[in-house]
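*Asks:* The following block contains the structure, expressed as structure tokens.
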Amino acid sequence: MISIRFVHVFKPSLNSTICLPETCSKESMEVIRGPSVISSLPQLPLPDSDHSTGSFNDPLYHSIQNKLYGKELLLNELEVTWEDLHPLLESGIVSIRSGLLPLNKTFRCHRCYTDNPKMFGRAPCSSCGSLCTYCRHCIMMGKISTCTPLLRWNGPSPVNSPHPHLKWEGTLTKGQLKAAQALKDSIEKEQELLIWAVCGAGKTEILFPGLQFALSKKKRVLVTSPRTDVVLELMPRMQKAFPNIPINGLYGGGTKKDPPASLVIATTHQTMRFTDTFDVVVIDEVDAFPFHADDSLLHAVYKSKKNKASIIYLTATPSEDIKQRVANEDLSSVVIPRRFHGHPLPVPRFQWSGSWQKDLNHMRLPKSLQKWCAHRIENGIPALLFVPTIEILEKVTSILKRKNPHIQGVHSKDIKRHQKVSEFREGVVPLLVTTTILERGITIPGVDVAVLGSEDNIFTESALVQIAGRAGRSSSKPHGDVVFFHFGKTKAMKKACQHIVKMNRREEGK
Ligand SMILES: [Zn+2]
Ligand SMILES: [Zn+2]
């Protein structure tokens, strides 16, 4: 157990005050404050990045540079000692700040940016031996306590980005082109932009020209999504489009230790370790869980970007806040109301189905839904049936399995989830019952979509728009049936329908 205390010393050669571990300070140094626990020392101004370097040409310098550039990490994540770091600390290339910032009645965690008092616990601390407050919110990335320093790289960038060759040979539709141009403009002017693109508009392709432009200007780009599925799907597509650009793909459990790249595709959680590093941040599905529910995640994304940077919000269903910002002319936006194949979005039908919960208790489906399912199965039309809860999912699946044992149900806690979805894709599973986990990101050609209990609160306007957006996505089968089976229409159902009708009426390029 080593009690690590820190001092502030004035460095005449840098003409500024730096923070050092007490063990690294020398008698000749002018100690201004400390020694003290790091969180009790006042915050020093953050040094400029690209701080000029001495000549450090040893392998340790490059290893630390590769690990630490653009991030803030714990000492043990760097796998070095304070002695190793000493020359870099003294020259200002690496700096230290407290992991937790004491605020009036709470703290702010400098990694995940939460300041919710409920997120901080107090416990005997194994690193300093006293009672420390720590952040519960990001503890899965290693504990940050009041005694924990975060290390930051202020030296030159190790990223050596080649000129990007865009190897994508498709053509953009009129709407996609307009959005791609707006994206390029925002990157050039370092501004924010909302790209409101209907489900199936071809969002990834819209990004290609803008990303090529950014990478050719040596900008560092982050594409982030709350969902691992999206990161996994984007990685190969981006790599195929930019074959000569190294890409870092970061997601829970899959984080490789590649050297830093100019293009990073990461889940939102993984962005917490980054700080002041990206010139362009593309936030995919900004309204999706858990992004929408967890405010500190948005702060973590903002922390990862440079002071002057462009932020691109990409979504089919912008939240009220974002729409309000557009209405106030606080955020510019571009709308793509057409799918890439030019056909309109399927408009949902409403089908009253009485007290369907009673039917389920008698182990049967409402007649109308029974008929709908039977028709899809007889005619070999793949069908997705959304239900509000796992409990209902289990009932509905067992009722349907009596008619056809190949029918399956999936939910977030289902370990066979990926296997069942791929069997549905292959046609082995004719009908898939699902909770809202499949509301985004799934594309099955020719699928018909139904919702049972669409009056449930879980089916918000945006959830229903996304669900309806599963149908008619392929150019060979651009139409599809979408039915909301309900026991009373809700506002969300009506608004979802209006949303879709409005998009269909909107002319492309306007
Ligand atoms: Zn935290
Ligand atoms: Zn401690």
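We label chains A, B, ... in the order they appear in the structure tokens, count residues from 1 in each chain, and number ligands from 1 in the order shown.
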At a cut-off of 7 Å, using only C-alpha atoms, what residues contact Ser310 in chain A? Leave out same-chain residues fewer than 5 positions from it and give the result as a PDB file with C-alpha atoms, in the first residue's frame.

*Replies:*
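Result went into part_18.pdb, see below:
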```
ATOM      1  CA  SER A 186     -20.119  21.187 -41.726  1.00  0.00           C
ATOM      2  CA  ILE A 187     -16.744  19.468 -41.522  1.00  0.00           C
ATOM      3  CA  GLU A 190     -16.393  22.851 -37.897  1.00  0.00           C
ATOM      4  CA  GLN A 191     -20.129  23.044 -37.273  1.00  0.00           C
ATOM      5  CA  GLU A 192     -22.891  20.808 -35.981  1.00  0.00           C
ATOM      6  CA  ASP A 279     -12.023  16.908 -35.260  1.00  0.00           C
ATOM      7  CA  VAL A 280     -15.173  15.198 -36.539  1.00  0.00           C
ATOM      8  CA  VAL A 281     -17.635  13.220 -34.424  1.00  0.00           C
TER       9      VAL A 281
END
```

*Asks:* What do you get as a PyMOL selection string if you pick all residues at most 6 Å from ligand 1, counting only C-alpha atoms and all ligand atoms?

*Replies:* chain A and resi 109+111-112+135+137-138

*Asks:* Using DSSP secondary structure from the backbone, list all alpha helix (DSSP H) positions within range 225-266 of chain A, as a list of chain:residue names.

*Replies:*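 The alpha helix (DSSP H) subset of range 225-266 of chain A is A:Thr228, A:Asp229, A:Val230, A:Val231, A:Leu232, A:Glu233, A:Leu234, A:Met235, A:Pro236, A:Arg237, A:Met238, A:Gln239, A:Lys240, A:Ala241.
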
*Asks:* Store the residues picked out above in a file with N, CA and C atoms, as a short mmCIF file (atom, residue, chain, number, x, y, z; two decimals), in the first residue's frame.

*Replies:*
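Saved result, result-v4.cif, follows:
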```cif
data_model
loop_
_atom_site.label_atom_id
_atom_site.label_comp_id
_atom_site.auth_asym_id
_atom_site.auth_seq_id
_atom_site.Cartn_x
_atom_site.Cartn_y
_atom_site.Cartn_z
N THR A 228 -23.39 -2.03 -30.01
CA THR A 228 -22.28 -2.84 -30.50
C THR A 228 -22.58 -3.41 -31.90
N ASP A 229 -23.83 -3.85 -32.11
CA ASP A 229 -24.23 -4.40 -33.42
C ASP A 229 -23.86 -3.44 -34.55
N VAL A 230 -24.13 -2.16 -34.32
CA VAL A 230 -23.88 -1.16 -35.36
C VAL A 230 -22.38 -1.03 -35.63
N VAL A 231 -21.58 -1.02 -34.55
CA VAL A 231 -20.13 -0.93 -34.70
C VAL A 231 -19.61 -2.12 -35.50
N LEU A 232 -20.09 -3.30 -35.15
CA LEU A 232 -19.65 -4.52 -35.85
C LEU A 232 -20.05 -4.51 -37.31
N GLU A 233 -21.20 -3.91 -37.61
CA GLU A 233 -21.66 -3.87 -39.00
C GLU A 233 -20.89 -2.80 -39.79
N LEU A 234 -20.59 -1.68 -39.13
CA LEU A 234 -19.92 -0.57 -39.81
C LEU A 234 -18.45 -0.86 -40.14
N MET A 235 -17.78 -1.57 -39.22
CA MET A 235 -16.33 -1.81 -39.37
C MET A 235 -15.96 -2.33 -40.76
N PRO A 236 -16.51 -3.50 -41.18
CA PRO A 236 -16.10 -4.02 -42.49
C PRO A 236 -16.51 -3.12 -43.65
N ARG A 237 -17.65 -2.45 -43.50
CA ARG A 237 -18.10 -1.58 -44.61
C ARG A 237 -17.16 -0.40 -44.79
N MET A 238 -16.72 0.18 -43.67
CA MET A 238 -15.80 1.33 -43.73
C MET A 238 -14.43 0.89 -44.24
N GLN A 239 -14.00 -0.29 -43.77
CA GLN A 239 -12.69 -0.76 -44.19
C GLN A 239 -12.67 -1.03 -45.69
N LYS A 240 -13.81 -1.54 -46.20
CA LYS A 240 -13.93 -1.81 -47.63
C LYS A 240 -13.92 -0.51 -48.43
N ALA A 241 -14.56 0.51 -47.88
CA ALA A 241 -14.63 1.80 -48.57
C ALA A 241 -13.28 2.52 -48.53
#
```

*Asks:* Taking only C-alpha atoms and all ligand atoms and a cut-off of 9 Å, can you tell me which residues surround ligand 2, written as a PDB file with C-alpha atoms, in the first residue's frame?

*Replies:*
```
ATOM      1  CA  SER A   3       0.231   6.464  -0.305  1.00  0.00           C
ATOM      2  CA  ILE A   4       0.691   8.485  -3.453  1.00  0.00           C
ATOM      3  CA  VAL A  37      -4.099  13.720  -2.265  1.00  0.00           C
ATOM      4  CA  ALA A 123     -15.130   2.741   0.676  1.00  0.00           C
ATOM      5  CA  PRO A 124     -11.785   1.847   2.228  1.00  0.00           C
ATOM      6  CA  CYS A 125      -9.353   2.233  -0.651  1.00  0.00           C
ATOM      7  CA  SER A 126      -6.778  -0.413  -1.475  1.00  0.00           C
ATOM      8  CA  SER A 127      -4.463   1.989  -3.312  1.00  0.00           C
ATOM      9  CA  CYS A 128      -4.055   4.702  -0.653  1.00  0.00           C
ATOM     10  CA  GLY A 129      -5.255   2.927   2.467  1.00  0.00           C
ATOM     11  CA  SER A 130      -7.767   5.567   3.524  1.00  0.00           C
ATOM     12  CA  LEU A 131     -11.476   6.128   2.948  1.00  0.00           C
ATOM     13  CA  CYS A 132     -11.975   7.242  -0.662  1.00  0.00           C
ATOM     14  CA  THR A 133     -14.916   8.269  -2.784  1.00  0.00           C
ATOM     15  CA  TYR A 134     -15.041   6.443  -6.114  1.00  0.00           C
ATOM     16  CA  ILE A 144     -11.350   5.958 -10.210  1.00  0.00           C
ATOM     17  CA  SER A 145     -11.160   7.277  -6.642  1.00  0.00           C
ATOM     18  CA  THR A 146     -10.404  10.625  -5.052  1.00  0.00           C
ATOM     19  CA  CYS A 147      -6.761   9.484  -4.910  1.00  0.00           C
ATOM     20  CA  THR A 148      -6.586   8.432  -8.584  1.00  0.00           C
TER      21      THR A 148
END
```

*Asks:* Which residue gives the smallest distance to Asn160 in chain A among A:Leu177, A:Ile139, A:Ile458, A:Ile245, with only C-alpha atoms counted?

*Replies:*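 Looking at the shortest contact to Asn160 in chain A, the residue is A:Ile245.
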
*Asks:* Tell me which of A:Asn244, A:Thr204, A:Ser28, A:Asn154 sits closest to Thr277 in chain A, counting only C-alpha atoms.

*Replies:*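 Distance minimum relative to Thr277 in chain A lands on A:Asn154.
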
*Asks:* For Thr436 in chain A, find every residue with an atom within 12 Å (counting only C-alpha atoms), except residues of its own chain fewer than 3 positions away, and show them as a PyMOL selection string.

*Replies:* chain A and resi 288-289+384-390+393+409-412+433+439-442+450-452+454+456-460+462-468+470

*Asks:* Residues within 12 Å of Arg425 in chain A, please, as a VMD selection string. Count only C-alpha atoms; anything in the same chain fewer than 6 positions from it doesn't count.

*Replies:* chain A and resid 381 to 384 418 to 419 431 to 432 442 to 447

*Asks:* Using only C-alpha atoms, which protein or nucleic acid residues come within 12 Å of Ser368 in chain A? Drop anything in the same chain fewer than 2 positions from it, and give the result as number ranges by chain.

*Replies:* A: 350-354, 356, 359, 364-366, 370-375, 450, 452, 483-486

*Asks:* Would you list the contacts of Ala182 in chain A as number ranges by chain, taking every protein, DNA or RNA residue within 9 Å and counting only C-alpha atoms, but skipping same-chain residues closer than 3 positions in sequence?

*Replies:* A: 177-179, 185-187, 193, 195, 210, 333-334

*Asks:* Keeping only C-alpha atoms, write the selected residues as an mmCIF file, in the first residue's frame.

*Replies:*
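And here's selection_29.cif as it stands now:
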```
data_model
loop_
_atom_site.group_PDB
_atom_site.id
_atom_site.type_symbol
_atom_site.label_atom_id
_atom_site.label_comp_id
_atom_site.auth_asym_id
_atom_site.auth_seq_id
_atom_site.Cartn_x
_atom_site.Cartn_y
_atom_site.Cartn_z
ATOM 1 C CA LEU A 177 -25.949 13.772 -52.430
ATOM 2 C CA LYS A 178 -27.492 16.780 -50.768
ATOM 3 C CA ALA A 179 -26.808 15.348 -47.320
ATOM 4 C CA ASP A 185 -19.666 21.824 -45.463
ATOM 5 C CA SER A 186 -20.119 21.187 -41.726
ATOM 6 C CA ILE A 187 -16.744 19.468 -41.522
ATOM 7 C CA LEU A 193 -25.352 19.138 -38.357
ATOM 8 C CA ILE A 195 -28.837 14.385 -40.852
ATOM 9 C CA GLY A 210 -17.438 13.663 -46.065
ATOM 10 C CA SER A 333 -30.243 20.052 -40.629
ATOM 11 C CA VAL A 334 -30.738 18.145 -43.830
#
```

*Asks:* Which distance in Å separates CA of Phe274 in chain A and CA of His86 in chain A, to one decimal?

*Replies:*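 According to the coordinates, CA of Phe274 in chain A and CA of His86 in chain A are separated by 22.6 Å.
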
*Asks:* Counting only C-alpha atoms, what is within 12 Å of Tyr69 in chain A, bar same-chain residues fewer than 4 positions away, as a PyMOL selection string?

*Replies:* chain A and resi 49-50+61-65+73+78+93-95+151-159+220+259-262+273-278+304

*Asks:* If I take CA of Asn504 in chain A and CA of Ala492 in chain A, how far is one from the other in Å, to one decimal?

*Replies:* 18.4 Å

*Asks:* Work out how far CA of Ser40 in chain A is from CA of Gly92 in chain A, in Å to one decimal.

*Replies:*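 Here the two named atoms are 21.1 Å from each other.
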
*Asks:* Using DSSP on the backbone, list every residue of range 6-252 of chain A that comes out as strand (DSSP E or B), and give them as a short mmCIF file (atom, residue, chain, number, x, y, z; two decimals) with C-alpha atoms, in the first residue's frame.

*Replies:*
```cif
data_model
loop_
_atom_site.label_atom_id
_atom_site.label_comp_id
_atom_site.auth_asym_id
_atom_site.auth_seq_id
_atom_site.Cartn_x
_atom_site.Cartn_y
_atom_site.Cartn_z
CA PHE A 6 1.17 14.91 -5.42
CA VAL A 7 2.76 18.35 -5.56
CA HIS A 8 2.40 21.37 -7.80
CA VAL A 9 5.79 22.71 -8.83
CA PHE A 10 6.70 25.71 -10.94
CA LYS A 11 8.82 24.82 -13.98
CA SER A 16 4.04 27.00 -15.97
CA THR A 17 3.01 24.94 -12.96
CA ILE A 18 2.93 21.18 -13.33
CA CYS A 19 1.71 18.33 -11.16
CA LEU A 20 4.16 15.62 -10.10
CA PRO A 21 4.08 12.66 -7.73
CA GLU A 30 9.87 25.27 -6.39
CA VAL A 31 6.94 23.46 -4.71
CA ILE A 32 3.82 25.65 -4.77
CA ARG A 33 1.27 23.28 -3.25
CA GLY A 34 1.18 19.88 -1.64
CA PRO A 35 2.13 17.21 -1.03
CA SER A 36 -1.51 16.20 -0.97
CA LYS A 71 -6.93 9.66 -24.18
CA GLU A 72 -6.84 9.95 -20.42
CA LEU A 73 -5.79 6.73 -18.73
CA VAL A 94 2.51 13.85 -20.10
CA SER A 95 0.37 15.66 -17.53
CA ILE A 96 -1.67 14.58 -14.54
CA ARG A 97 -5.06 15.62 -13.28
CA SER A 98 -7.38 14.25 -10.64
CA LEU A 100 -12.54 13.02 -9.64
CA LEU A 101 -13.20 16.72 -9.40
CA PRO A 102 -14.82 17.78 -6.11
CA PHE A 107 -18.03 15.10 -7.72
CA ARG A 108 -17.47 15.03 -11.44
CA CYS A 109 -15.74 12.00 -12.86
CA PHE A 120 -20.39 7.97 -6.09
CA GLY A 121 -19.64 5.49 -3.33
CA ARG A 122 -17.29 5.66 -0.35
CA ALA A 123 -15.13 2.74 0.68
CA PRO A 124 -11.78 1.85 2.23
CA LEU A 131 -11.48 6.13 2.95
CA CYS A 132 -11.98 7.24 -0.66
CA THR A 133 -14.92 8.27 -2.78
CA TYR A 134 -15.04 6.44 -6.11
CA CYS A 135 -17.11 6.52 -9.31
CA SER A 145 -11.16 7.28 -6.64
CA PRO A 149 -4.66 10.52 -11.12
CA LEU A 150 -5.54 10.46 -14.82
CA LEU A 151 -2.68 10.77 -17.28
CA ARG A 152 -2.87 12.70 -20.48
CA TRP A 153 -0.64 13.02 -23.57
CA LEU A 193 -25.35 19.14 -38.36
CA LEU A 194 -28.42 16.92 -38.05
CA ILE A 195 -28.84 14.39 -40.85
CA TRP A 196 -32.43 13.22 -40.58
CA ALA A 197 -32.56 10.22 -42.88
CA VAL A 221 -12.73 11.13 -37.09
CA LEU A 222 -14.92 9.28 -34.59
CA VAL A 223 -18.06 7.42 -35.65
CA THR A 224 -19.94 6.35 -32.55
CA SER A 225 -23.11 4.41 -31.90
CA ILE A 247 -9.37 1.89 -38.49
CA ASN A 248 -9.69 1.39 -34.72
CA GLY A 249 -12.84 -0.56 -33.85
CA LEU A 250 -13.68 -0.28 -30.15
#
```
